[in-house]
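Shown next: input-v3.txt, containing compact mmCIF, C-alpha atoms.
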```
# COMPACT_ATOMS: atom_id res chain seq x y z
CA MET A 170 118.62 12.57 16.42
CA LYS A 171 118.22 16.05 15.02
CA THR A 172 114.58 17.14 14.90
CA PRO A 173 113.25 19.39 12.11
CA HIS A 174 112.82 23.06 12.97
CA LEU A 175 110.42 23.97 10.19
CA PHE A 176 107.05 22.49 9.36
CA ALA A 177 104.98 23.52 6.36
CA LEU A 178 101.24 23.38 5.75
CA THR A 179 99.66 24.07 2.40
CA ALA A 180 96.00 24.97 1.89
CA ALA A 181 94.06 27.30 -0.34
CA THR A 182 92.93 29.32 2.65
CA LEU A 183 96.43 29.89 4.10
CA VAL A 184 98.31 33.10 3.58
CA ALA A 185 102.03 32.78 3.07
CA THR A 186 104.99 34.11 4.92
CA GLY A 187 106.20 35.95 1.84
CA PHE A 188 107.36 38.61 4.30
CA ALA A 189 106.13 41.54 2.27
CA THR A 190 103.32 44.02 2.59
CA ASN A 191 101.23 42.11 0.04
CA LEU A 192 101.35 38.40 0.81
CA PRO A 193 100.28 35.88 -1.86
CA ALA A 194 98.43 32.71 -0.96
CA GLN A 195 100.94 29.86 -0.70
CA THR A 196 102.72 27.84 1.97
CA LEU A 197 102.62 28.97 5.59
CA GLU A 198 105.82 28.02 7.37
CA GLY A 199 105.89 27.20 11.07
CA VAL A 200 108.85 27.21 13.45
CA GLN A 201 109.45 24.62 16.15
CA THR A 202 109.13 25.92 19.70
CA GLY A 203 110.49 24.76 23.02
CA MET A 204 113.72 22.80 23.45
CA ILE A 205 115.26 21.91 20.08
CA GLU A 206 118.55 20.53 18.84
CA GLN A 207 120.59 22.73 16.54
CA ASP A 208 124.14 22.06 15.34
CA GLY A 209 124.71 19.57 18.14
CA SER A 210 123.44 21.93 20.84
CA ARG A 211 120.10 22.19 22.58
CA ILE A 212 118.54 25.64 22.54
CA TRP A 213 115.23 27.13 23.65
CA SER A 214 113.17 28.39 20.72
CA ASN A 215 110.60 31.12 21.33
CA PRO A 216 110.11 32.97 18.03
CA GLN A 217 108.86 36.52 18.32
CA THR A 218 108.24 39.26 15.80
CA VAL A 219 109.79 42.71 16.24
CA VAL A 220 107.90 45.53 14.54
CA ARG A 221 109.86 48.59 13.44
CA VAL A 222 108.20 51.94 12.88
CA THR A 223 110.18 54.70 11.16
CA VAL A 224 108.81 58.24 11.38
CA THR A 225 110.15 61.30 9.55
CA LEU A 226 109.41 64.80 10.80
CA GLN A 227 110.03 68.04 8.98
CA LYS A 228 111.43 70.76 11.21
CA GLU A 229 110.82 74.32 10.01
CA SER A 230 112.87 76.87 11.95
CA VAL A 231 112.63 80.64 12.06
CA ARG A 232 115.45 82.78 13.49
CA THR A 233 114.61 86.44 14.01
CA GLY A 234 116.82 89.17 12.66
CA PRO A 235 118.52 91.72 14.95
CA TYR A 236 116.42 94.56 13.45
CA ALA A 237 113.09 92.71 13.33
CA ARG A 238 111.26 95.30 15.46
CA TYR A 239 112.21 98.05 12.98
CA ALA A 240 111.03 96.18 9.86
CA GLN A 241 107.63 97.84 9.73
CA LYS A 242 109.05 101.30 10.34
CA TYR A 243 111.77 101.24 7.67
CA LEU A 244 110.58 98.58 5.20
CA GLY A 245 106.81 98.60 5.69
CA VAL A 246 106.65 94.86 6.46
CA ILE A 247 105.95 92.87 9.63
CA ALA A 248 108.73 90.51 10.64
CA PRO A 249 108.62 87.61 13.16
CA LEU A 250 109.80 88.74 16.59
CA ASN A 251 110.45 85.32 18.19
CA ASN A 252 112.50 82.29 17.25
CA ARG A 253 110.40 79.19 16.70
CA ASP A 254 110.60 75.59 15.51
CA THR A 255 107.61 73.80 13.98
CA TYR A 256 107.47 70.01 13.46
CA THR A 257 105.15 68.17 11.08
CA VAL A 258 104.98 64.48 10.12
CA VAL A 259 105.96 63.99 6.47
CA SER A 260 106.28 60.20 6.18
CA ALA A 261 106.21 56.92 8.10
CA ALA A 262 106.91 53.25 7.39
CA ILE A 263 106.23 49.92 9.12
CA ALA A 264 108.46 46.84 8.83
CA CYS A 265 109.01 43.69 10.86
CA ASP A 266 111.75 41.23 11.71
CA ASN A 267 111.10 37.63 12.72
CA SER A 268 113.90 36.30 14.90
CA ALA A 269 113.36 32.74 13.68
CA ALA A 270 112.26 33.33 10.11
CA GLY A 271 114.79 36.03 9.22
CA PRO A 272 114.32 39.59 7.94
CA CYS A 273 110.80 40.49 6.97
CA ALA A 274 110.30 43.56 4.80
CA ALA A 275 113.05 45.34 6.71
CA THR A 276 116.51 46.58 5.85
CA GLY A 277 119.63 46.97 7.95
CA ALA A 278 120.78 45.04 11.00
CA ALA A 279 118.36 44.52 13.85
CA SER A 280 119.10 46.22 17.15
CA ALA A 281 118.59 44.71 20.58
CA ALA A 282 115.02 43.48 20.98
CA PRO A 283 112.82 45.44 23.39
CA ALA A 284 110.70 43.94 26.13
CA PRO A 285 107.20 42.91 25.00
CA GLY A 286 104.99 45.95 24.55
CA ALA A 287 107.86 48.40 25.11
CA ALA A 288 109.47 50.62 22.49
CA VAL A 289 113.20 50.93 21.83
CA VAL A 290 113.95 54.33 20.32
CA SER A 291 116.84 55.09 18.00
CA ALA A 292 118.78 58.33 18.26
CA PRO A 293 117.25 61.13 16.17
CA THR A 294 118.91 61.43 12.78
CA PRO A 295 118.77 64.85 11.09
CA VAL A 296 118.81 64.51 7.30
CA SER A 297 118.43 66.75 4.27
CA PRO A 298 119.30 70.14 5.80
CA MET A 299 118.03 72.63 3.26
CA ARG A 300 119.46 75.65 5.03
CA SER A 301 121.14 75.78 8.41
CA ASP A 302 123.17 79.02 8.34
CA THR A 303 121.81 81.17 11.17
CA ALA A 304 124.50 83.87 11.07
CA PHE A 305 123.60 87.38 9.94
CA VAL A 306 125.65 89.79 7.85
CA ARG A 307 127.32 92.65 9.70
CA LEU A 308 127.12 96.21 8.41
CA PRO A 309 130.46 97.68 7.26
CA VAL A 310 131.95 100.16 9.72
CA ASN A 311 131.78 103.79 8.64
CA ILE A 312 135.35 104.96 9.27
CA THR A 313 134.31 108.61 8.95
CA SER A 314 132.19 108.39 12.08
CA ALA A 315 133.63 107.79 15.53
CA VAL A 316 130.22 107.93 17.21
CA ALA A 317 128.63 104.61 18.18
CA LYS A 318 125.20 104.14 16.64
CA SER A 319 122.10 102.82 18.32
CA PRO A 320 120.40 99.66 17.01
CA GLU A 321 117.70 101.80 15.39
CA GLN A 322 120.28 103.94 13.60
CA MET A 323 122.00 100.78 12.36
CA ALA A 324 118.64 99.46 11.20
CA ALA A 325 118.09 102.70 9.27
CA ASP A 326 121.50 102.28 7.62
CA ALA A 327 120.64 98.70 6.66
CA ALA A 328 117.33 99.83 5.15
CA ASN A 329 119.09 102.55 3.16
CA MET A 330 121.52 99.94 1.85
CA ILE A 331 118.61 97.75 0.72
CA PHE A 332 117.06 100.61 -1.26
CA LYS A 333 120.48 101.50 -2.71
CA LEU A 334 121.04 97.94 -3.90
CA ARG A 335 117.58 97.83 -5.43
CA LYS A 336 118.26 101.06 -7.33
CA GLN A 337 121.59 99.73 -8.60
CA ARG A 338 119.89 96.58 -9.84
CA ALA A 339 117.11 98.56 -11.51
CA ASP A 340 119.67 100.82 -13.23
CA LEU A 341 121.52 97.81 -14.59
CA VAL A 342 118.34 96.23 -15.91
CA SER A 343 117.11 99.48 -17.51
CA GLY A 344 120.50 100.33 -19.00
CA ASP A 345 120.82 103.60 -17.09
CA ALA A 346 124.08 102.31 -15.63
CA GLY A 347 126.68 99.74 -16.53
CA GLU A 348 126.80 100.42 -20.28
CA ASN A 349 129.82 98.12 -20.50
CA VAL A 350 128.12 95.35 -18.51
CA PHE A 351 126.26 92.79 -20.64
CA GLY A 352 125.88 89.08 -21.21
CA ALA A 353 127.28 86.83 -18.50
CA GLY A 354 128.77 89.84 -16.72
CA LEU A 355 125.35 91.44 -16.36
CA THR A 356 123.85 88.20 -15.00
CA SER A 357 126.70 87.86 -12.50
CA ALA A 358 126.33 91.48 -11.36
CA LEU A 359 122.57 91.11 -10.87
CA ASP A 360 123.05 87.89 -8.90
CA GLU A 361 125.59 89.57 -6.61
CA LEU A 362 123.30 92.52 -5.97
CA ARG A 363 120.42 90.14 -5.25
CA THR A 364 122.57 88.20 -2.78
CA GLN A 365 123.64 91.34 -0.96
CA GLU A 366 120.05 92.56 -0.76
CA GLN A 367 118.95 89.22 0.70
CA ASP A 368 121.68 89.40 3.36
CA TYR A 369 120.45 92.83 4.47
CA LEU A 370 116.79 91.81 4.32
CA GLU A 371 117.53 88.93 6.71
CA LEU A 372 118.64 91.48 9.30
CA PHE A 373 114.96 92.49 9.43
CA LEU A 374 113.02 89.42 8.33
CA GLY A 375 115.24 86.77 9.90
CA LYS A 376 116.13 83.39 8.41
CA GLN A 377 114.07 80.32 7.70
CA PHE A 378 115.43 76.83 7.10
CA THR A 379 114.07 73.31 6.92
CA GLN A 380 115.44 70.01 8.16
CA GLN A 381 114.15 66.45 8.40
CA VAL A 382 114.52 64.34 11.56
CA VAL A 383 114.12 60.54 11.43
CA ARG A 384 113.57 58.11 14.31
CA THR A 385 113.00 54.36 14.36
CA PHE A 386 110.96 52.65 17.10
CA GLU A 387 110.94 48.90 17.79
CA ILE A 388 108.07 47.09 19.49
CA ILE A 389 107.48 43.43 20.38
CA PRO A 390 103.71 42.97 20.55
CA PHE A 391 102.02 41.12 23.40
CA THR A 392 100.08 38.00 22.51
CA ASP A 393 96.81 39.77 23.34
CA GLY A 394 97.95 43.34 22.58
CA ARG A 395 96.37 45.07 19.60
CA SER A 396 97.21 48.76 20.07
CA TYR A 397 100.44 50.52 21.13
CA THR A 398 101.45 54.16 21.51
CA VAL A 399 104.72 54.34 19.57
CA CYS A 400 105.58 57.96 20.45
CA ARG A 401 104.06 61.39 20.74
CA ILE A 402 104.56 64.38 18.45
CA ASP A 403 104.50 67.97 19.66
CA GLU A 404 104.35 70.82 17.17
CA GLY A 405 107.05 72.75 19.02
CA ASP A 406 109.21 69.95 20.49
CA GLY A 407 109.06 67.23 17.82
CA PHE A 408 109.47 63.68 19.14
CA ILE A 409 108.56 63.23 22.80
CA ASP A 410 108.25 60.14 24.98
CA ALA A 411 105.18 57.95 24.59
CA ALA A 412 104.49 58.30 28.32
CA ALA A 413 104.51 62.11 28.22
CA GLY A 414 101.30 63.86 29.14
CA TYR A 415 101.14 66.07 26.06
CA GLY A 416 101.52 65.87 22.32
CA ARG A 417 99.64 63.86 19.69
CA PRO A 418 100.08 60.07 20.04
CA LEU A 419 101.12 57.97 17.05
CA THR A 420 99.35 54.64 17.54
CA LEU A 421 100.28 51.28 16.03
CA GLU A 422 97.24 49.05 15.55
CA PHE A 423 97.23 45.30 14.75
CA THR A 424 94.40 43.23 13.26
CA PRO A 425 95.37 39.53 12.94
CA GLU A 426 93.67 37.57 10.19
CA PRO A 427 92.24 34.06 10.80
CA THR A 428 94.84 31.40 10.04
CA ASN A 429 92.33 28.62 9.22
CA ILE A 430 94.95 25.95 9.82
CA PRO A 431 93.45 22.43 9.64
CA ALA A 432 93.30 20.52 12.91
CA ALA A 433 96.36 18.43 13.73
CA PRO A 434 96.05 14.65 13.60
CA PRO A 435 94.78 13.40 16.98
CA LEU A 436 97.41 12.21 19.44
CA ARG A 437 96.87 9.56 22.06
CA ARG A 438 97.18 10.51 25.69
CA ASN A 439 100.80 10.74 26.89
CA ASP A 440 102.08 10.44 23.33
CA PRO A 441 105.17 12.61 22.70
CA PHE A 442 104.69 15.56 20.36
CA ILE A 443 106.56 18.47 18.81
CA SER A 444 105.09 21.98 18.85
CA PHE A 445 105.26 24.35 15.88
CA ILE A 446 104.07 27.94 15.91
CA PHE A 447 102.60 29.45 12.76
CA PRO A 448 102.55 33.27 12.47
CA ALA A 449 99.28 35.00 11.81
CA VAL A 450 99.21 37.35 8.85
CA THR A 451 98.43 40.64 10.52
CA ALA A 452 97.29 43.99 9.17
CA ALA A 453 99.27 46.78 10.83
CA ARG A 454 98.54 50.49 10.57
CA LEU A 455 100.12 53.58 12.11
CA VAL A 456 97.61 56.34 12.79
CA ASP A 457 97.84 59.96 13.89
CA GLY A 458 94.34 60.62 15.16
CA ALA A 459 92.09 60.03 12.15
CA ASN A 460 94.99 60.08 9.67
CA GLU A 461 96.65 56.83 8.57
CA LEU A 462 100.40 57.36 8.12
CA ALA A 463 101.48 53.85 7.09
CA SER A 464 100.07 50.34 6.74
CA GLY A 465 101.06 46.82 5.71
CA ARG A 466 100.42 43.09 6.21
CA PHE A 467 103.05 41.01 8.02
CA PRO A 468 103.40 37.56 9.60
CA VAL A 469 103.44 38.01 13.39
CA TYR A 470 104.31 35.04 15.61
CA GLN A 471 102.70 36.44 18.77
CA PHE A 472 99.27 36.30 17.12
CA GLY A 473 99.79 32.88 15.55
CA VAL A 474 98.66 29.37 16.54
CA VAL A 475 100.54 26.38 17.96
CA TYR A 476 100.32 23.09 16.08
CA ASN A 477 101.30 19.83 17.84
CA VAL A 478 102.43 16.86 15.76
CA ALA A 479 103.99 13.50 16.49
CA PRO A 480 107.79 13.43 16.27
CA PRO A 481 109.32 11.80 13.20
CA ALA A 482 109.89 8.08 13.44
CA LYS A 483 113.38 7.06 14.46
CA LYS A 484 115.44 5.25 11.88
CA LYS A 485 115.98 1.59 12.67
```
Write-out of the structure in structure tokens:
Amino acid sequence: MKTPHLFALTAATLVATGFATNLPAQTLEGVQTGMIEQDGSRIWSNPQTVVRVTVTLQKESVRTGPYARYAQKYLGVIAPLNNRDTYTVVSAAIACDNSAAGPCAATGAASAAPAPGAAVVSAPTPVSPMRSDTAFVRLPVNITSAVAKSPEQMAADAANMIFKLRKQRADLVSGDAGENVFGAGLTSALDELRTQEQDYLELFLGKQFTQQVVRTFEIIPFTDGRSYTVCRIDEGDGFIDAAAGYGRPLTLEFTPEPTNIPAAPPLRRNDPFISFIFPAVTAARLVDGANELASGRFPVYQFGVVYNVAPPAKKK
């Protein structure tokens, strides 16, 4: 005889497995545990909840220009002298997947489940590159000179070109030059001069570009575990391993809510019974020190309760 795999209890105090961050009060659905029969086969049922944490970092990169050390001398500005990358957390999200109850506030296919308490880390995914061109413009070769120039002399030439382009743009705007340039032609000419000036300025000031990096972590909570270090974030290195000795930890905290399930009908000694596990609605929050990055309420089987009931009567 095929035994039922689901068992429902309804009470005003129960919170439902609506599998969303805001769960309405309705029916709480339990899943049979232990050896069960399914599609003519016997399988071992041990429902567990996998929690997924997705973190997005913004990577701001600075690449120094070849003439950075001459910027103050020829342009009167101070330019960065070292390449650097800076990572900051811009967003995070928490979702869960119940192996027995199906997807729970999560999208996409589930990956292989981690060991309890451990984290499975996805490969970093760079998205939304705003600017990633790190090449610098090269000065045109002066064919009238056969003498190689030093870097400082080339920096002086680049600075002179910047001032020349600025003067040309000012002449166009004031009308002192380009009397036959107007309308769309004038706009196009000004844009081209501005682009050329920016290319030469980057030889001194370097380039800056921004990129976002996304990682997803999966954790199976322990029955008595309430806090887990998902990963660590370093301002210069971005994502680092949770076991590393440096960086700020991102911590996932769980607070199960009381289930208030009524007591099961009493069973006589040695009577057969079927066990059902009911997930506990659990408040989850991801924190970075004192800052909360994400939160939600989810049904988690590991924090739930087991309910034993008599098996259904056999048909005569």
Under the rule that only C-alpha atoms are counted, which of A:Asp208, A:Ala328, A:Arg417, A:Val450 is the nearest residue to Gly405 in chain A?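 Of all the options, A:Arg417 lies closest to Gly405 in chain A.
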Top pick for closest residue to Pro468 in chain A, considering A:Phe386, A:Phe408, A:Tyr256, A:Phe423 and counting only C-alpha atoms: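 Using only C-alpha atoms, the shortest distance to Pro468 in chain A belongs to A:Phe423.
You will find CA of Leu462 in chain A at 8.7 Å from CA of Val258 in chain A.
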List every residue of range 367-432 of chain A that has an atom at most 12 Å from any atom of range 243-251 of chain A, giving for each one its closest atom pair and the distance in Å to one decimal, counting all atoms listed in the file, sorted by chain and then by ascending residue number, as JSON lines.
```
{"residue": "A:Tyr369", "atom": "CA", "partner": "A:Leu244", "partner_atom": "CA", "distance": 11.4}
{"residue": "A:Leu370", "atom": "CA", "partner": "A:Leu244", "partner_atom": "CA", "distance": 9.2}
{"residue": "A:Glu371", "atom": "CA", "partner": "A:Ala248", "partner_atom": "CA", "distance": 9.8}
{"residue": "A:Leu372", "atom": "CA", "partner": "A:Ala248", "partner_atom": "CA", "distance": 10.0}
{"residue": "A:Phe373", "atom": "CA", "partner": "A:Ala248", "partner_atom": "CA", "distance": 6.6}
{"residue": "A:Leu374", "atom": "CA", "partner": "A:Ala248", "partner_atom": "CA", "distance": 5.0}
{"residue": "A:Gly375", "atom": "CA", "partner": "A:Pro249", "partner_atom": "CA", "distance": 7.4}
{"residue": "A:Lys376", "atom": "CA", "partner": "A:Pro249", "partner_atom": "CA", "distance": 9.8}
{"residue": "A:Gln377", "atom": "CA", "partner": "A:Pro249", "partner_atom": "CA", "distance": 10.6}
```
Restrict the selected residues to C-alpha atoms and save them as a compact mmCIF listing (two decimals), keeping the file's coordinate frame.
```
# COMPACT_ATOMS: atom_id res chain seq x y z
CA TYR A 369 120.45 92.83 4.47
CA LEU A 370 116.79 91.81 4.32
CA GLU A 371 117.53 88.93 6.71
CA LEU A 372 118.64 91.48 9.30
CA PHE A 373 114.96 92.49 9.43
CA LEU A 374 113.02 89.42 8.33
CA GLY A 375 115.24 86.77 9.90
CA LYS A 376 116.13 83.39 8.41
CA GLN A 377 114.07 80.32 7.70
```
d(CA of Phe378 in chain A, CA of Arg232 in chain A) in Å: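 Here the two named atoms are 8.7 Å from each other.
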Which distance in Å separates CA of Asn215 in chain A and CA of Pro431 in chain A, to one decimal? 22.5 Å
Counting all atoms listed in the file, figure out which residue out of A:Val382, A:Cys265, A:Ala325, A:Val469 gets nearest to Gly394 in chain A.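 Smallest distance to Gly394 in chain A is found for A:Val469.
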Kindly list the centre and edge lengths in Å, rounded to one decimal, for the axis-aligned box that covers all listed atoms of range 439-456 of chain A plus 5 Å on each of its six sides, as JSON.
```
{"center_x": 101.9, "center_y": 33.4, "center_z": 17.9, "size_x": 19.3, "size_y": 55.9, "size_z": 28.0}
```
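Take the candidates A:Ser444, A:Lys228, A:Asn477, A:Glu426 and check each one against Ile205 in chain A using only C-alpha atoms; the shortest distance goes to A:Ser444.
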Tell me which protein, DNA and RNA residues are within 10 Å of Leu334 in chain A, counting only C-alpha atoms, leaving out same-chain ones fewer than 6 positions away, and put them as a list in words.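 Result of the neighbour search: Ala328, Asp340, Leu359, Glu361, Leu362, Arg363, Thr364, Gln365, Glu366 and Tyr369 of chain A.
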Neighbour list for Leu419 in chain A as a ChimeraX atom specification, cut-off 7 Å, all atoms listed in the file, skip fewer than 3 positions in-chain: /A:398-401,455-457
Selected residues written out, C-alpha atoms, as a PDB file, keeping the file's coordinate frame:
```pdb
ATOM      1  CA  THR A 398     101.450  54.160  21.510  1.00  0.00           C
ATOM      2  CA  VAL A 399     104.720  54.340  19.570  1.00  0.00           C
ATOM      3  CA  CYS A 400     105.580  57.960  20.450  1.00  0.00           C
ATOM      4  CA  ARG A 401     104.060  61.390  20.740  1.00  0.00           C
ATOM      5  CA  LEU A 455     100.120  53.580  12.110  1.00  0.00           C
ATOM      6  CA  VAL A 456      97.610  56.340  12.790  1.00  0.00           C
ATOM      7  CA  ASP A 457      97.840  59.960  13.890  1.00  0.00           C
TER       8      ASP A 457
END
```
Using the block above, I'd like range 235-255 of chain A written out, keeping N, CA and C atoms and formatting it as a tab-separated table (two decimals), in the first residue's frame.
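Okay, this is what ended up in part_35.tsv:
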```
chain	number	residue	atom	x	y	z
A	235	PRO	N	50.87	56.58	-18.17
A	235	PRO	CA	52.33	56.51	-18.29
A	235	PRO	C	53.04	57.80	-17.89
A	236	TYR	N	52.32	58.94	-17.87
A	236	TYR	CA	52.94	60.21	-17.52
A	236	TYR	C	52.37	60.75	-16.20
A	237	ALA	N	51.93	59.85	-15.32
A	237	ALA	CA	51.28	60.29	-14.08
A	237	ALA	C	52.21	61.14	-13.22
A	238	ARG	N	53.49	60.81	-13.17
A	238	ARG	CA	54.40	61.55	-12.28
A	238	ARG	C	54.71	62.95	-12.80
A	239	TYR	N	54.31	63.26	-14.06
A	239	TYR	CA	54.54	64.59	-14.60
A	239	TYR	C	53.26	65.44	-14.61
A	240	ALA	N	52.16	64.90	-14.08
A	240	ALA	CA	50.88	65.60	-14.14
A	240	ALA	C	50.92	66.92	-13.40
A	241	GLN	N	51.53	66.93	-12.22
A	241	GLN	CA	51.56	68.16	-11.44
A	241	GLN	C	52.47	69.21	-12.10
A	242	LYS	N	53.54	68.74	-12.72
A	242	LYS	CA	54.49	69.68	-13.33
A	242	LYS	C	53.91	70.36	-14.55
A	243	TYR	N	53.21	69.61	-15.41
A	243	TYR	CA	52.76	70.16	-16.68
A	243	TYR	C	51.29	70.54	-16.71
A	244	LEU	N	50.48	69.93	-15.82
A	244	LEU	CA	49.04	70.23	-15.82
A	244	LEU	C	48.58	70.86	-14.52
A	245	GLY	N	49.42	70.83	-13.49
A	245	GLY	CA	49.04	71.42	-12.21
A	245	GLY	C	48.05	70.59	-11.42
A	246	VAL	N	47.97	69.28	-11.70
A	246	VAL	CA	47.07	68.40	-10.96
A	246	VAL	C	47.86	67.21	-10.44
A	247	ILE	N	47.33	66.57	-9.39
A	247	ILE	CA	47.97	65.39	-8.81
A	247	ILE	C	47.23	64.15	-9.32
A	248	ALA	N	47.97	63.25	-9.93
A	248	ALA	CA	47.39	62.04	-10.50
A	248	ALA	C	47.75	60.83	-9.65
A	249	PRO	N	46.91	59.79	-9.62
A	249	PRO	CA	47.26	58.55	-8.90
A	249	PRO	C	48.50	57.91	-9.50
A	250	LEU	N	49.39	57.42	-8.63
A	250	LEU	CA	50.65	56.85	-9.09
A	250	LEU	C	50.67	55.32	-9.03
A	251	ASN	N	49.61	54.70	-8.49
A	251	ASN	CA	49.57	53.24	-8.38
A	251	ASN	C	48.24	52.70	-8.85
A	252	ASN	N	48.28	51.55	-9.52
A	252	ASN	CA	47.05	50.87	-9.88
A	252	ASN	C	46.37	50.36	-8.62
A	253	ARG	N	45.05	50.37	-8.61
A	253	ARG	CA	44.35	49.84	-7.45
A	253	ARG	C	42.94	49.39	-7.84
A	254	ASP	N	42.44	48.42	-7.08
A	254	ASP	CA	41.07	47.94	-7.21
A	254	ASP	C	40.40	48.07	-5.84
A	255	THR	N	39.19	48.58	-5.82
A	255	THR	CA	38.44	48.75	-4.58
A	255	THR	C	37.08	48.07	-4.72
```
